[in-house]
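Heads up, entry-v2.txt below (compact mmCIF, C-alpha atoms):
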```txt
# COMPACT_ATOMS: atom_id res chain seq x y z
CA MET S 63 -15.61 -36.26 49.52
CA SER S 64 -12.03 -37.23 50.36
CA LEU S 65 -9.02 -35.29 49.06
CA LEU S 66 -8.04 -38.26 46.87
CA SER S 67 -11.54 -38.39 45.34
CA CYS S 68 -11.37 -34.66 44.63
CA LEU S 69 -8.02 -35.05 42.85
CA ILE S 70 -9.31 -37.97 40.75
CA THR S 71 -12.41 -35.96 39.79
CA LEU S 72 -10.25 -32.95 38.84
CA ILE S 73 -7.97 -35.11 36.66
CA LEU S 74 -10.97 -36.64 34.88
CA LEU S 75 -12.42 -33.17 34.28
CA GLN S 76 -9.07 -31.94 32.95
CA ASN S 77 -8.71 -34.85 30.55
CA SER S 78 -12.23 -34.48 29.22
CA SER S 79 -11.82 -30.70 28.87
CA GLN S 80 -8.55 -31.04 26.99
CA ASP S 81 -10.30 -33.12 24.35
CA SER S 82 -13.34 -30.86 24.19
CA ALA S 83 -14.42 -29.29 20.90
CA SER S 84 -14.82 -26.03 22.81
CA PRO S 85 -11.71 -23.80 22.93
CA LYS S 86 -13.08 -22.23 26.13
CA GLU S 87 -13.20 -25.60 27.85
CA ARG S 88 -9.69 -26.45 26.69
CA GLN S 89 -8.53 -23.06 27.95
CA ALA S 90 -10.21 -23.68 31.32
CA ALA S 91 -8.42 -27.03 31.62
CA VAL S 92 -5.09 -25.30 31.02
CA GLU S 93 -5.92 -22.68 33.68
CA GLN S 94 -6.60 -25.44 36.23
CA MET S 95 -3.18 -26.96 35.70
CA ALA S 96 -1.22 -23.68 35.69
CA VAL S 97 -0.09 -23.94 39.31
CA LEU S 98 3.42 -23.35 40.62
CA GLY S 99 5.17 -26.68 41.14
CA ASN S 100 2.48 -28.79 39.41
CA ARG S 101 5.10 -30.94 37.72
CA GLU S 102 2.66 -33.78 37.04
CA ALA S 103 0.76 -31.53 34.62
CA ILE S 104 3.74 -31.03 32.29
CA PRO S 105 3.26 -34.24 30.23
CA LYS S 106 -0.47 -33.51 29.91
CA LEU S 107 0.17 -29.96 28.74
CA ALA S 108 2.88 -31.16 26.34
CA GLU S 109 0.44 -33.64 24.77
CA ALA S 110 -2.30 -31.02 24.56
CA LEU S 111 0.11 -28.59 22.90
CA LYS S 112 0.86 -31.06 20.09
CA LYS S 113 -2.77 -31.27 18.99
CA GLU S 114 -4.04 -27.77 19.84
CA PRO S 115 -5.19 -26.00 16.62
CA LYS S 116 -5.82 -22.54 18.11
CA SER S 117 -2.76 -20.36 18.59
CA ASP S 118 -4.17 -18.43 21.56
CA VAL S 119 -4.79 -21.66 23.47
CA ARG S 120 -1.29 -22.87 22.55
CA ALA S 121 0.06 -19.62 24.01
CA SER S 122 -1.88 -20.32 27.22
CA ILE S 123 -0.37 -23.81 27.42
CA VAL S 124 3.10 -22.34 26.99
CA ALA S 125 2.34 -19.68 29.63
CA ALA S 126 1.08 -22.39 31.99
CA LEU S 127 4.39 -24.22 31.66
CA GLY S 128 6.17 -21.02 32.64
CA ARG S 129 3.94 -20.59 35.67
CA ILE S 130 4.57 -24.17 36.82
CA ARG S 131 8.24 -23.20 36.77
CA ASP S 132 9.90 -26.58 36.45
CA ARG S 133 12.87 -27.26 34.17
CA GLU S 134 11.28 -30.49 33.00
CA ALA S 135 9.28 -28.23 30.66
CA ILE S 136 12.41 -27.01 28.82
CA PRO S 137 12.18 -29.44 25.86
CA VAL S 138 8.51 -28.50 25.33
CA LEU S 139 9.22 -24.78 25.46
CA THR S 140 12.31 -24.88 23.24
CA GLY S 141 10.33 -27.02 20.79
CA SER S 142 7.62 -24.36 20.60
CA LEU S 143 10.23 -21.68 20.09
CA ARG S 144 11.69 -23.62 17.17
CA THR S 145 8.57 -24.86 15.43
CA ASP S 146 5.34 -23.01 16.28
CA LEU S 147 4.06 -21.10 13.26
CA GLU S 148 2.58 -18.24 15.29
CA LYS S 149 5.13 -15.62 16.33
CA ASP S 150 3.23 -14.70 19.50
CA VAL S 151 3.42 -18.30 20.70
CA ARG S 152 7.17 -18.24 20.08
CA SER S 153 7.40 -15.00 22.06
CA GLN S 154 5.42 -16.61 24.86
CA ALA S 155 7.88 -19.51 24.84
CA ILE S 156 10.76 -17.06 25.40
CA ASP S 157 8.88 -15.48 28.31
CA SER S 158 8.20 -18.89 29.88
CA LEU S 159 11.81 -20.04 29.48
CA LEU S 160 12.98 -16.95 31.36
CA ARG S 161 10.47 -17.58 34.16
CA LEU S 162 12.20 -20.88 34.88
CA TYR S 163 15.23 -18.91 36.09
CA ILE S 164 13.84 -15.56 37.24
CA PRO S 165 10.77 -15.68 39.49
CA VAL S 166 8.36 -12.81 38.79
CA ASP S 167 4.97 -11.99 40.25
CA ASP S 168 2.56 -14.30 38.44
CA SER S 169 -0.69 -14.34 40.39
CA GLY S 170 -4.24 -14.07 39.12
CA PRO S 171 -5.67 -15.34 35.82
CA LEU S 172 -3.29 -16.82 33.28
CA ARG S 173 -2.29 -14.03 30.89
CA THR S 174 -0.52 -14.26 27.56
CA ILE S 175 0.88 -12.00 24.88
CA PHE S 176 -2.36 -12.68 22.97
CA SER S 177 -4.13 -10.78 25.77
CA ARG S 178 -1.94 -7.77 24.94
CA VAL S 179 -0.02 -8.27 28.17
CA LYS S 180 3.57 -7.16 27.63
CA SER S 181 6.17 -9.45 29.09
CA VAL S 182 8.25 -7.88 31.85
CA PHE S 183 11.26 -9.45 30.12
CA PHE S 184 10.66 -7.47 26.92
CA GLU S 185 10.47 -4.06 28.60
CA ALA S 186 13.32 -1.63 29.22
CA ASN S 187 15.64 -2.68 32.07
CA PRO S 188 14.34 -6.26 32.37
CA PRO S 189 15.18 -8.34 35.47
CA VAL S 190 18.35 -10.43 35.13
CA ILE S 191 19.59 -13.60 36.78
CA GLY S 192 22.01 -13.57 39.67
CA PRO S 193 25.58 -14.78 39.15
CA GLU S 194 24.84 -18.00 41.02
CA VAL S 195 22.03 -19.20 38.70
CA GLN S 196 23.02 -21.97 36.31
CA VAL S 197 21.20 -21.82 32.97
CA ASP S 198 20.70 -24.98 30.92
CA ALA S 199 22.78 -25.03 27.74
CA SER S 200 19.79 -26.19 25.68
CA VAL S 201 17.91 -23.00 26.60
CA LYS S 202 20.77 -20.72 25.56
CA ASP S 203 21.26 -22.67 22.34
CA ALA S 204 17.55 -22.42 21.49
CA LEU S 205 17.52 -18.67 22.13
CA ALA S 206 20.69 -18.16 20.07
CA ALA S 207 19.15 -20.12 17.20
CA ALA S 208 15.96 -18.03 17.38
CA MET S 209 18.01 -14.84 17.38
CA GLN S 210 19.78 -15.95 14.21
CA LYS S 211 17.08 -17.78 12.28
CA ASP S 212 13.55 -16.85 13.32
CA PHE S 213 11.58 -15.30 10.46
CA SER S 214 10.16 -12.58 12.75
CA ASP S 215 12.49 -9.71 13.65
CA GLU S 216 10.42 -9.15 16.78
CA VAL S 217 11.10 -12.68 18.01
CA ARG S 218 14.75 -12.44 17.00
CA ALA S 219 15.16 -9.26 19.04
CA GLN S 220 13.35 -10.80 22.02
CA ALA S 221 15.62 -13.85 21.88
CA ALA S 222 18.68 -11.61 21.82
CA ARG S 223 17.42 -9.69 24.85
CA ALA S 224 16.71 -12.98 26.64
CA LEU S 225 20.37 -13.96 26.26
CA GLY S 226 21.25 -10.74 28.06
CA THR S 227 18.71 -11.43 30.80
CA LEU S 228 20.33 -14.84 31.31
CA LYS S 229 23.84 -13.32 31.21
CA ALA S 230 24.75 -15.89 28.55
CA ARG S 231 28.44 -15.09 28.37
CA ASP S 232 29.22 -18.22 26.38
CA GLN S 233 26.98 -16.86 23.60
CA VAL S 234 29.03 -13.67 23.10
CA PRO S 235 30.74 -15.04 19.94
CA VAL S 236 27.32 -15.84 18.42
CA LEU S 237 26.00 -12.40 19.39
CA VAL S 238 29.02 -10.69 17.80
CA ALA S 239 28.65 -12.78 14.64
CA THR S 240 24.98 -11.80 14.44
CA LEU S 241 25.82 -8.13 14.93
CA GLU S 242 28.44 -8.14 12.17
CA ASP S 243 26.81 -10.48 9.65
CA PRO S 244 26.27 -8.42 6.46
CA GLN S 245 22.96 -10.23 5.95
CA ASN S 246 21.67 -8.57 9.12
CA ARG S 247 22.49 -5.05 7.96
CA GLU S 248 18.81 -4.30 7.29
CA HIS S 249 17.61 -5.92 10.51
CA ARG S 250 18.17 -2.83 12.63
CA ASN S 251 16.07 -3.85 15.65
CA VAL S 252 17.82 -7.20 15.94
CA ARG S 253 21.27 -5.61 15.80
CA LEU S 254 20.20 -2.92 18.27
CA GLU S 255 19.08 -5.55 20.77
CA VAL S 256 22.30 -7.50 20.27
CA VAL S 257 24.34 -4.40 21.17
CA ARG S 258 22.24 -3.85 24.31
CA THR S 259 22.63 -7.51 25.25
CA LEU S 260 26.40 -7.35 24.91
CA GLY S 261 26.31 -4.43 27.34
CA MET S 262 24.15 -6.43 29.77
CA ILE S 263 26.50 -9.42 29.68
CA ARG S 264 29.50 -7.14 30.31
CA ASP S 265 32.19 -9.32 28.74
CA PRO S 266 35.19 -7.23 27.58
CA ALA S 267 35.64 -9.77 24.76
CA ALA S 268 32.80 -7.94 22.99
CA GLY S 269 34.77 -4.68 23.11
CA PRO S 270 36.38 -4.76 19.65
CA ALA S 271 33.03 -5.47 17.94
CA LEU S 272 31.35 -2.71 19.92
CA GLU S 273 34.12 -0.28 18.98
CA ARG S 274 33.55 -1.15 15.32
CA ALA S 275 29.83 -0.47 15.86
CA LEU S 276 30.71 3.12 16.78
CA ARG S 277 31.02 3.72 13.05
CA ASP S 278 27.57 2.28 12.30
CA PRO S 279 25.50 4.56 10.05
CA ASN S 280 22.49 4.12 12.34
CA LYS S 281 22.64 6.70 15.14
CA GLN S 282 20.68 4.58 17.62
CA ILE S 283 23.04 1.63 17.24
CA GLN S 284 25.98 4.00 17.60
CA GLU S 285 24.52 5.41 20.83
CA GLU S 286 23.91 1.96 22.31
CA ALA S 287 27.40 0.81 21.29
CA ILE S 288 28.92 3.80 23.11
CA LEU S 289 27.13 2.91 26.33
CA ALA S 290 27.88 -0.81 25.92
CA ILE S 291 31.61 -0.06 25.67
CA GLY S 292 31.38 1.59 29.06
CA LEU S 293 29.41 -1.31 30.52
CA VAL S 294 31.91 -3.93 29.31
CA ALA S 295 34.76 -1.65 30.48
CA TYR S 296 36.63 -1.81 27.18
CA THR S 297 39.36 0.71 27.99
CA PRO S 298 41.12 0.60 24.57
CA ALA S 299 38.20 2.66 23.25
CA ARG S 300 38.75 5.46 25.77
CA ALA S 301 40.45 7.86 23.34
CA THR S 302 37.69 7.40 20.77
CA LEU S 303 34.99 8.09 23.35
CA GLU S 304 36.80 11.20 24.55
CA GLN S 305 37.08 12.44 20.98
CA PHE S 306 33.33 11.89 20.49
CA PHE S 307 32.64 13.91 23.63
CA ARG S 308 34.89 16.78 22.61
CA THR S 309 33.98 17.02 18.91
CA GLU S 310 30.47 15.61 18.33
CA SER S 311 27.72 18.14 17.62
CA ASP S 312 24.98 15.65 18.59
CA ARG S 313 24.18 16.24 22.28
CA ARG S 314 23.00 12.67 22.85
CA ILE S 315 26.24 11.26 21.47
CA LYS S 316 28.23 13.65 23.67
CA SER S 317 26.33 12.69 26.81
CA ARG S 318 26.47 8.96 26.05
CA SER S 319 30.22 9.22 25.45
CA LEU S 320 30.79 10.89 28.81
CA GLU S 321 28.53 8.33 30.51
CA ALA S 322 30.58 5.52 28.98
CA LEU S 323 33.82 7.19 30.08
CA SER S 324 32.46 7.42 33.63
CA LEU S 325 31.93 3.64 33.62
CA LEU S 326 35.40 2.70 32.34
CA ARG S 327 37.26 3.23 35.63
CA ASP S 328 40.26 4.44 33.63
CA ALA S 329 42.58 6.93 35.36
CA GLY S 330 43.29 8.47 31.97
CA ASN S 331 39.92 10.24 32.30
CA THR S 332 40.84 12.07 35.50
CA LYS S 333 41.78 15.45 33.96
CA LEU S 334 38.69 15.48 31.75
CA PHE S 335 36.42 14.78 34.72
CA GLU S 336 38.15 17.42 36.87
CA SER S 337 37.63 20.00 34.12
CA LEU S 338 33.88 19.31 34.06
CA LEU S 339 33.13 19.60 37.78
CA ASN S 340 32.26 23.28 37.32
CA ASP S 341 30.59 22.94 33.92
CA SER S 342 27.27 24.73 33.40
CA ASN S 343 25.73 21.47 32.16
CA ASP S 344 24.48 19.59 35.24
CA THR S 345 24.58 16.22 33.44
CA TYR S 346 28.28 16.74 32.75
CA ARG S 347 28.90 17.70 36.40
CA GLU S 348 27.03 14.58 37.52
CA LEU S 349 28.93 12.21 35.24
CA ALA S 350 32.27 13.82 36.04
CA ALA S 351 31.72 13.35 39.78
CA GLU S 352 30.47 9.82 39.20
CA GLY S 353 33.49 8.95 37.08
CA LEU S 354 35.91 10.31 39.66
CA ALA S 355 34.13 8.41 42.42
CA ARG S 356 34.72 5.15 40.54
CA LEU S 357 38.43 6.03 40.38
CA HIS S 358 38.52 6.34 44.19
CA TYR S 359 39.47 9.97 43.67
CA ASP S 360 40.25 11.95 46.81
CA ALA S 361 36.95 13.82 47.14
CA SER S 362 37.52 14.90 50.75
CA GLY S 363 37.46 18.54 49.61
CA TRP S 364 34.04 18.27 47.98
CA LYS S 365 31.97 19.17 51.05
CA ASP S 366 31.57 22.84 50.07
CA ARG S 367 30.88 21.82 46.49
CA PHE S 368 28.17 19.45 47.75
CA ASP S 369 26.60 22.10 50.01
CA GLN S 370 26.47 24.67 47.21
CA GLU S 371 25.15 22.37 44.49
CA LYS S 372 21.46 22.92 43.64
CA LYS S 373 20.78 19.99 41.30
CA GLU S 374 19.80 16.77 43.08
CA ASN S 375 21.35 14.48 40.45
CA VAL S 376 24.70 16.24 40.87
CA ARG S 377 24.42 16.23 44.68
CA ASN S 378 23.87 12.47 44.56
CA ALA S 379 26.97 11.96 42.41
CA LEU S 380 29.01 14.17 44.74
CA ALA S 381 27.71 12.20 47.74
CA PHE S 382 28.79 9.02 45.95
CA GLY S 383 32.29 10.47 45.55
CA LEU S 384 32.46 11.58 49.18
CA ALA S 385 31.26 8.17 50.41
CA SER S 386 33.80 6.42 48.17
CA SER S 387 36.50 8.59 49.77
CA GLY S 388 35.56 7.38 53.24
CA GLN S 389 33.11 10.15 54.20
CA LEU S 390 30.52 7.59 55.29
CA ASP S 391 27.98 10.13 56.54
CA TYR S 392 27.13 10.83 52.91
CA ILE S 393 25.73 7.33 52.53
CA ASN S 394 22.84 8.78 54.53
CA ASN S 395 22.12 11.24 51.70
CA LEU S 396 22.11 8.41 49.17
CA ALA S 397 19.91 6.17 51.31
CA ASN S 398 17.34 8.91 51.89
CA ALA S 399 17.27 9.59 48.14
CA LEU S 400 15.74 6.11 47.71
CA ASP S 401 12.53 7.99 48.51
CA SER S 402 12.90 10.46 45.65
CA ARG S 403 12.73 10.78 41.89
CA GLN S 404 16.43 9.93 41.77
CA ASP S 405 15.96 6.50 43.36
CA TYR S 406 17.23 4.65 40.27
CA GLN S 407 20.41 6.77 40.21
CA VAL S 408 21.28 6.24 43.87
CA GLU S 409 20.50 2.51 43.75
CA VAL S 410 23.38 2.15 41.29
CA TYR S 411 25.70 4.07 43.61
CA LEU S 412 24.66 2.10 46.69
CA ILE S 413 25.16 -1.21 44.90
CA GLU S 414 28.66 -0.15 43.87
CA LEU S 415 29.50 1.02 47.40
CA GLY S 416 28.31 -2.25 48.91
CA LYS S 417 29.64 -4.61 46.29
CA PHE S 418 32.97 -3.07 45.27
CA ASP S 419 33.91 -0.55 47.97
CA GLY S 420 33.44 -2.64 51.12
CA LYS S 421 30.57 -0.54 52.50
CA LEU S 422 27.97 -3.33 52.79
CA ASP S 423 27.84 -3.21 56.60
CA GLU S 424 27.05 0.51 56.39
CA LEU S 425 24.06 -0.23 54.16
CA HIS S 426 22.58 -2.78 56.55
CA ARG S 427 21.61 -0.15 59.10
CA TYR S 428 19.19 1.49 56.64
CA LEU S 429 17.11 -1.67 56.68
CA ARG S 430 15.88 -0.28 60.01
CA SER S 431 15.03 3.18 58.64
CA PRO S 432 11.71 4.66 59.86
CA ASN S 433 10.91 5.40 56.19
CA PRO S 434 9.37 2.30 54.51
CA LYS S 435 10.51 3.46 51.07
CA VAL S 436 14.11 3.52 52.30
CA ARG S 437 13.73 0.08 53.90
CA ALA S 438 12.23 -1.35 50.71
CA GLY S 439 14.79 0.30 48.46
CA MET S 440 17.72 -0.81 50.58
CA ALA S 441 16.39 -4.39 50.67
CA ARG S 442 16.32 -4.30 46.86
CA VAL S 443 19.87 -2.87 46.74
CA ILE S 444 21.24 -5.51 49.12
CA GLY S 445 19.47 -8.29 47.24
CA ASN S 446 21.11 -7.10 44.03
CA ILE S 447 24.53 -6.99 45.71
CA GLY S 448 24.00 -10.69 46.29
CA ASP S 449 26.15 -11.29 49.38
CA ALA S 450 24.61 -14.24 51.26
CA ARG S 451 25.90 -12.84 54.56
CA SER S 452 23.15 -10.19 54.34
CA ALA S 453 20.34 -12.74 54.64
CA ASP S 454 20.08 -12.47 58.44
CA GLN S 455 19.82 -8.67 58.11
CA ILE S 456 17.03 -8.92 55.54
CA ARG S 457 14.98 -11.70 57.15
CA PRO S 458 13.22 -9.55 59.82
CA LEU S 459 11.74 -7.38 57.06
CA THR S 460 9.60 -10.31 55.89
CA GLU S 461 7.37 -9.43 58.84
CA ASP S 462 7.41 -5.67 58.20
CA SER S 463 4.18 -3.69 58.53
CA ASP S 464 4.63 -2.30 54.99
CA VAL S 465 3.59 -4.59 52.13
CA GLU S 466 6.19 -3.21 49.70
CA VAL S 467 8.97 -3.76 52.23
CA VAL S 468 7.85 -7.37 52.70
CA ARG S 469 7.76 -7.90 48.92
CA GLU S 470 11.29 -6.52 48.45
CA ALA S 471 12.61 -8.49 51.43
CA VAL S 472 11.22 -11.77 50.10
CA ALA S 473 12.67 -11.04 46.64
CA ALA S 474 16.05 -10.20 48.19
CA LEU S 475 16.12 -13.38 50.26
CA ARG S 476 15.34 -15.40 47.16
CA LYS S 477 18.39 -13.88 45.45
CA LEU S 478 20.60 -14.32 48.50
CA SER S 479 19.66 -17.96 49.07
CA ARG S 480 20.33 -19.31 45.56
```

Conversion result in structure tokens:
Amino acid sequence: MSLLSCLITLILLQNSSQDSASPKERQAAVEQMAVLGNREAIPKLAEALKKEPKSDVRASIVAALGRIRDREAIPVLTGSLRTDLEKDVRSQAIDSLLRLYIPVDDSGPLRTIFSRVKSVFFEANPPVIGPEVQVDASVKDALAAAMQKDFSDEVRAQAARALGTLKARDQVPVLVATLEDPQNREHRNVRLEVVRTLGMIRDPAAGPALERALRDPNKQIQEEAILAIGLVAYTPARATLEQFFRTESDRRIKSRSLEALSLLRDAGNTKLFESLLNDSNDTYRELAAEGLARLHYDASGWKDRFDQEKKENVRNALAFGLASSGQLDYINNLANALDSRQDYQVEVYLIELGKFDGKLDELHRYLRSPNPKVRAGMARVIGNIGDARSADQIRPLTEDSDVEVVREAVAALRKLSR
């Protein structure tokens, strides 16, 4: 049978299955069309979605549109987000909209939220778009509307988080209005996600609203607002954060306040950080060293301090400070820590060194490390830095003998080539 005959037969089978009385057959037809780049299937899936009575099959159709990954599906997906009566289908629509902009591993059988599969976009620390990705206005508008108006708090919170994932800076006024609307006072989870999203977007324009949220009666919202102020670098709140650190009895509030101060890059924090370098609390020592490193503090005298320090998290922060001061040998300590329990901590430091401190060329050499975990971790770091000039350095790793290294190299090249 010729290829053309096979395609005609498949289309006929799909059409007959879509109209079948059997939900299993309709589901199977959806599975057949859920192929990356299968743009021709979008109108068929859109038509099937209109007449599908079963919510789990509708969710599969929506998931299939996300797997096809073509922006022609946007009107169908935003329509489902606005009008489908089943909240899990609306959640699936959010997931599929995000997949149009952020490629994630999507092999194997088609899975949906109905299958109790949690979306990677709804977990802690979700992937985010690169600065070069252009997001369609209709998608951001649909997500903002869902955040404000959906009758499920779960969907509202997911829509708010999605705006953070898409770095929807133009939606900051809507996010602030949602956070401060008195009618949302009882919708704690929605407001909490809005605060986190404002931190993800990192627009200082959100600073005044976040500072007002420091007085929120809910401790969790207060904690997230503290961190978000650091992330958006809202320096007018520095004195308030320092007061929280010095006077609060709640240890979590104290630690969050110091973490936020370490992110502000405000020289007014220098004396506080210096006073904490010898503190008995290793978290305080870590954050003090980290904060000073971001101020390009002269850490050239920290070598003995580094050698004597026993806690790995503090050693990493001290190495960050030494590397920021021009002691480039300490980048080696950070790179090797990519193969440790502190990998998430040092990834942040390495990204900052490469992106803001002009140390990107120093990072490239660790792509040739004999340790595959270091190669993979550094590929991920360099991909997140997003400098297209690194592509030639990353490309050889697509033929690496280690599967994880290849996976990270391919993901990094995708980010660097957008």

Pull the neighbourhood of (27.9, 22.0, 43.8) for me: all residues within 12 Å in file coordinates, counting all atoms listed in the file, as a PyMOL selection string. chain S and resi 338-344+347-348+351+363-381

Closest of S:Gly448, S:Ser402, S:Val410, S:Ala474 to S:Asn433 - atom-to-atom distances counting only C-alpha atoms: S:Ser402

Using all atoms listed in the file, the best pick from S:Ser158, S:Ser387, S:Thr174, S:Gln220 as closest to S:Gln89 would be S:Thr174

List the residues sitting within 9 Å of (27.2, -14.9, 26.2) in the file's frame, using only C-alpha atoms, as a PyMOL selection string. chain S and resi 202+225-226+228-237+259-260+263+265

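The shell of residues at most 10 Å from S:Arg131, with all atoms listed in the file counted and near chain neighbours (fewer than 4 positions) removed, consists of Ala96, Val97, Leu98, Gly99, Asn100, Arg101, Ala125, Ala126, Leu127, Ala135, Ile136, Ser158, Leu159, Leu160, Arg161, Leu162, Tyr163, Ile164 and Pro165 of chain S.
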
Residue subset to file, keeping C-alpha atoms, as a compact mmCIF listing (two decimals), in the coordinates of the input:
```
# COMPACT_ATOMS: atom_id res chain seq x y z
CA ALA S 96 -1.22 -23.68 35.69
CA VAL S 97 -0.09 -23.94 39.31
CA LEU S 98 3.42 -23.35 40.62
CA GLY S 99 5.17 -26.68 41.14
CA ASN S 100 2.48 -28.79 39.41
CA ARG S 101 5.10 -30.94 37.72
CA ALA S 125 2.34 -19.68 29.63
CA ALA S 126 1.08 -22.39 31.99
CA LEU S 127 4.39 -24.22 31.66
CA ALA S 135 9.28 -28.23 30.66
CA ILE S 136 12.41 -27.01 28.82
CA SER S 158 8.20 -18.89 29.88
CA LEU S 159 11.81 -20.04 29.48
CA LEU S 160 12.98 -16.95 31.36
CA ARG S 161 10.47 -17.58 34.16
CA LEU S 162 12.20 -20.88 34.88
CA TYR S 163 15.23 -18.91 36.09
CA ILE S 164 13.84 -15.56 37.24
CA PRO S 165 10.77 -15.68 39.49
```

Atom CA of S:Glu134 and atom CA of S:Ala103, how far apart in Å?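 Computed distance, atom CA of S:Ala103 to atom CA of S:Glu134, equals 10.7 Å.
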
What does the distance between atom CA of S:Leu111 and atom CA of S:Pro188 come to in Å, to one decimal place? 28.1 Å

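Atom CA of S:Thr227 sits 6.6 Å away from atom CA of S:Pro189.
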
Given only C-alpha atoms as the counted atoms, nearest of S:Ser181, S:Ala450, S:Leu475, S:Glu286 to S:Val256: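 Distance minimum relative to S:Val256 lands on S:Glu286.
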
With distances taken over all atoms listed in the file, which residue among S:Leu425, S:Ile175, S:Leu293, S:Leu459 lies nearest S:Met440?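 Closest to S:Met440 of all the choices is S:Leu425.
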
Of the candidates S:Thr302, S:Val179, S:Tyr359, S:Leu400, which one gets nearest to S:Glu336 if we count only C-alpha atoms?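 Once distances to S:Glu336 are computed over only C-alpha atoms, the minimum belongs to S:Tyr359.
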
Closest pair table for stretch 152-255 of chain S residues within 12 Å of stretch 140-148 of chain S, only C-alpha atoms, as a tab-separated table:
```
residue	atom	partner	partner_atom	distance
S:Arg152	CA	S:Leu143	CA	4.6
S:Ser153	CA	S:Leu143	CA	7.5
S:Gln154	CA	S:Leu143	CA	8.5
S:Ala155	CA	S:Leu143	CA	5.7
S:Ile156	CA	S:Leu143	CA	7.1
S:Asp157	CA	S:Leu143	CA	10.4
S:Ser158	CA	S:Thr140	CA	9.8
S:Leu159	CA	S:Thr140	CA	7.9
S:Leu160	CA	S:Thr140	CA	11.4
S:Ile175	CA	S:Glu148	CA	11.6
S:Phe176	CA	S:Glu148	CA	10.7
S:Asp198	CA	S:Thr140	CA	11.4
S:Ala199	CA	S:Thr140	CA	11.4
S:Ser200	CA	S:Thr140	CA	8.0
S:Val201	CA	S:Thr140	CA	6.8
S:Lys202	CA	S:Thr140	CA	9.7
S:Asp203	CA	S:Thr140	CA	9.3
S:Ala204	CA	S:Thr140	CA	6.0
S:Leu205	CA	S:Leu143	CA	8.1
S:Ala206	CA	S:Arg144	CA	10.9
S:Ala207	CA	S:Arg144	CA	8.2
S:Ala208	CA	S:Arg144	CA	7.0
S:Met209	CA	S:Leu143	CA	10.7
S:Gln210	CA	S:Arg144	CA	11.5
S:Lys211	CA	S:Arg144	CA	9.3
S:Asp212	CA	S:Arg144	CA	8.0
S:Phe213	CA	S:Leu147	CA	9.9
S:Ser214	CA	S:Glu148	CA	9.8
S:Val217	CA	S:Leu143	CA	9.3
S:Arg218	CA	S:Leu143	CA	10.7
S:Gln220	CA	S:Leu143	CA	11.5
S:Ala221	CA	S:Leu143	CA	9.7
```

Considering all atoms listed in the file, can you say which of S:Gly388, S:Pro171, S:Gly383, S:Pro270 comes closest to S:Gly420?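 The shortest atom-to-atom distance to S:Gly420 comes from S:Gly388.
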
Extract, using only C-alpha atoms, all DNA, RNA and protein residues at most 10 Å from S:Arg430, discarding same-chain residues fewer than 5 positions from it, and format them as a PyMOL selection string. chain S and resi 436-437+440+455-456+458-459

Writing out the chosen residues with C-alpha atoms as a compact mmCIF listing (two decimals), in the coordinates of the input:
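New file part04.txt:
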```
# COMPACT_ATOMS: atom_id res chain seq x y z
CA VAL S 436 14.11 3.52 52.30
CA ARG S 437 13.73 0.08 53.90
CA MET S 440 17.72 -0.81 50.58
CA GLN S 455 19.82 -8.67 58.11
CA ILE S 456 17.03 -8.92 55.54
CA PRO S 458 13.22 -9.55 59.82
CA LEU S 459 11.74 -7.38 57.06
```

Hey, what's within 6 Å of S:Ala441 if we count all atoms listed in the file and toss same-chain stuff fewer than 3 positions away? As a VMD selection string, please? chain S and resid 438 444 470 to 471

Save C-alpha atoms of stretch 409-423 of chain S from the block above as a compact mmCIF listing (two decimals), in the first residue's frame.
```txt
# COMPACT_ATOMS: atom_id res chain seq x y z
CA GLU S 409 23.30 26.98 39.62
CA VAL S 410 21.95 30.35 40.75
CA TYR S 411 25.46 31.60 41.49
CA LEU S 412 26.88 30.34 38.19
CA ILE S 413 24.06 31.96 36.22
CA GLU S 414 24.73 35.28 37.94
CA LEU S 415 28.48 35.00 37.32
CA GLY S 416 27.95 34.26 33.64
CA LYS S 417 25.10 36.64 32.97
CA PHE S 418 25.94 39.68 35.09
CA ASP S 419 29.62 39.40 36.06
CA GLY S 420 31.20 38.70 32.66
CA LYS S 421 32.42 35.20 33.58
CA LEU S 422 30.64 33.28 30.79
CA ASP S 423 33.86 32.26 29.02
```
